[in-house]
Amino acid sequence: MNIQTKASFVRESLSFFRTKKFLIIALAVVGISIVFPLLTSGLGDLMDSMSDIYAEYDIDVSTMTEELGSSASTGIIMSTSGITEIGLIVLLILINSAAGGEQKKRAVIIPKSAGLRSFAYIFPKFIVYPLSAFVIAVIAMFASWIVSVMVFDANDATFGGVLLAGILAGISLMLYTCFHLALGTATGKAGMSAAVCIAASILLSNFFAFSSTGNMYNPFVLTALAKTVIAKGTVSGAEFLDIAVTIVFALALMIVAYFLALFAQNARKIDNRGDEIEL
């Protein structure tokens, strides 16, 4: 690793950690993973306390109440959606500066005449931010498990199931983080890139959820796979192999996103001229 790449790693790390962005994202995502089981359990208790009122209208809520308050897996499944949907929004917005926002503010100079190579500029981004998102997702999943065990009647979730679900949720965040970094750095329009990636995460997951294509080998339904793992508790050897192949496909898309970003950076010219100075 040359001096430029090392310096870029230091720059991205300081920009992410010293500015408290990592801490804010971690607190937000872990907070979501804790709140969702509490809300689910509270909703079950509320419906149970109002069962007499529902009975007057011939509405039986006993089955739903039992489902909401019986097992820890219910709370973890609810948290999974929060981690990969709300958490993704927080993540993409807060890393806008790394995903092309700094180009608009002329905070970084990239032309070849300045000596900064595109590889040294792009590569650290695709390491620091996706890996940080992965770690946060795994920690959040285990936080959800701990809280769910405390508030629900039965713990039907296993360590292995929670770990695998956390890995799937983390890879889902990594995938859209890479898409955001690729589109943002290629266009220099971080806000537009974040909006496109957030919309894509919602539309694609819903599209495949209602289609008949299934979840296996589809990197855009990792959240649904994570929920399935939690609901089952364990997966068979064949299912684990299918999940591993799905993860490989997702990693392949991340690599493609990186090379597209690198190609776009080499192909485009960034105009750093201007009279104004932005610090």
# chains A, B, ... in the order shown; residues from 1 in each chain; ligands from 1
$ select_by_dssp --residues "segment 155-226 of chain A" --states "helix (DSSP H, G or I)" --output "PyMOL selection string"
chain A and resi 159-187+190-210+219-226
$ residues_around --residues "Glu12 of chain A" --least-positions-apart "3" --cutoff "9 Å" --atoms "only C-alpha atoms" --output "tab-separated table (two decimals) with C-alpha atoms, in the first residue's frame"
chain	number	residue	atom	x	y	z
A	7	ALA	CA	-3.23	8.83	3.64
A	8	SER	CA	-6.67	8.37	2.07
A	9	PHE	CA	-7.51	5.63	4.59
A	15	SER	CA	-13.79	12.03	8.54
A	16	PHE	CA	-16.07	9.21	9.66
A	17	PHE	CA	-15.03	8.57	13.25
A	98	ALA	CA	-17.94	10.74	1.24
A	124	PRO	CA	-10.63	3.48	1.02
A	125	LYS	CA	-14.26	4.57	0.78
A	128	VAL	CA	-14.25	2.04	5.61
A	129	TYR	CA	-17.95	2.72	5.12
$ closest_residue --among "A:Asn155, A:Leu181, A:Ala140, A:Asn206" --to "Ile255 of chain A" --atoms "only C-alpha atoms"
A:Leu181
$ closest_residue --among "A:Arg18, A:Lys232, A:Phe220, A:Ala190" --to "Phe207 of chain A" --atoms "only C-alpha atoms"
A:Phe220
$ residues_around --residues "segment 258-261 of chain A" --least-positions-apart "2" --cutoff "10 Å" --atoms "only C-alpha atoms" --output "short mmCIF file (atom, residue, chain, number, x, y, z; two decimals) with C-alpha atoms, in the first residue's frame"
data_model
loop_
_atom_site.label_atom_id
_atom_site.label_comp_id
_atom_site.auth_asym_id
_atom_site.auth_seq_id
_atom_site.Cartn_x
_atom_site.Cartn_y
_atom_site.Cartn_z
CA SER A 118 -8.34 7.70 -8.53
CA PHE A 119 -7.58 4.38 -6.83
CA ILE A 122 -12.02 5.53 -4.26
CA PHE A 123 -10.66 2.36 -2.65
CA LYS A 125 -14.26 4.57 0.78
CA PHE A 126 -15.33 1.06 -0.28
CA CYS A 178 -21.49 0.58 -2.15
CA PHE A 179 -24.19 1.60 -4.62
CA LEU A 181 -20.61 5.48 -3.01
CA ALA A 182 -20.41 4.44 -6.66
CA LEU A 183 -23.25 6.64 -7.91
CA GLY A 184 -22.34 9.58 -5.69
CA THR A 185 -18.65 9.71 -6.54
CA ALA A 186 -19.38 9.18 -10.23
CA THR A 187 -21.86 12.04 -10.48
CA ALA A 252 -19.88 -9.61 -6.51
CA LEU A 253 -22.26 -6.68 -7.01
CA MET A 254 -20.23 -4.63 -4.51
CA ILE A 255 -17.06 -5.36 -6.46
CA VAL A 256 -18.79 -4.35 -9.70
CA PHE A 263 -13.85 3.74 -14.06
CA ALA A 264 -16.11 6.78 -13.78
CA GLN A 265 -13.51 8.59 -11.66
CA ASN A 266 -10.80 7.94 -14.21
CA ALA A 267 -13.05 9.03 -17.06
#
$ closest_residue --among "A:Ala257, A:Ile95, A:Ile25, A:Ile146" --to "Val162 of chain A" --atoms "only C-alpha atoms"
A:Ile146
$ closest_residue --among "A:Ala133, A:Ala195, A:Ile139, A:Ala72" --to "Ala231 of chain A" --atoms "only C-alpha atoms"
A:Ala72
$ residues_around --residues "segment 237-248 of chain A" --least-positions-apart "3" --cutoff "7 Å" --atoms "only C-alpha atoms" --output "PDB file with N, CA and C atoms, in the first residue's frame"
ATOM      1  N   MET A 216     -33.870 -17.051  -2.670  1.00  0.00           N
ATOM      2  CA  MET A 216     -32.526 -17.579  -2.793  1.00  0.00           C
ATOM      3  C   MET A 216     -31.821 -17.037  -4.032  1.00  0.00           C
ATOM      4  N   TYR A 217     -30.520 -16.806  -3.893  1.00  0.00           N
ATOM      5  CA  TYR A 217     -29.649 -16.296  -4.948  1.00  0.00           C
ATOM      6  C   TYR A 217     -30.003 -14.871  -5.360  1.00  0.00           C
ATOM      7  N   ASN A 218     -30.815 -14.187  -4.578  1.00  0.00           N
ATOM      8  CA  ASN A 218     -31.225 -12.821  -4.901  1.00  0.00           C
ATOM      9  C   ASN A 218     -30.660 -11.872  -3.845  1.00  0.00           C
ATOM     10  N   PRO A 219     -29.629 -11.097  -4.166  1.00  0.00           N
ATOM     11  CA  PRO A 219     -29.002 -10.223  -3.162  1.00  0.00           C
ATOM     12  C   PRO A 219     -29.871  -9.053  -2.723  1.00  0.00           C
ATOM     13  N   LEU A 251     -21.691  -9.815  -2.750  1.00  0.00           N
ATOM     14  CA  LEU A 251     -20.309  -9.333  -2.742  1.00  0.00           C
ATOM     15  C   LEU A 251     -19.821  -9.033  -4.157  1.00  0.00           C
ATOM     16  N   ALA A 252     -20.255  -9.851  -5.117  1.00  0.00           N
ATOM     17  CA  ALA A 252     -19.880  -9.612  -6.511  1.00  0.00           C
ATOM     18  C   ALA A 252     -20.441  -8.283  -7.007  1.00  0.00           C
TER      19      ALA A 252
END
$ closest_residue --among "A:Ser13, A:Thr223, A:Ser33, A:Ser71" --to "Ala157 of chain A" --atoms "only C-alpha atoms"
A:Ser71
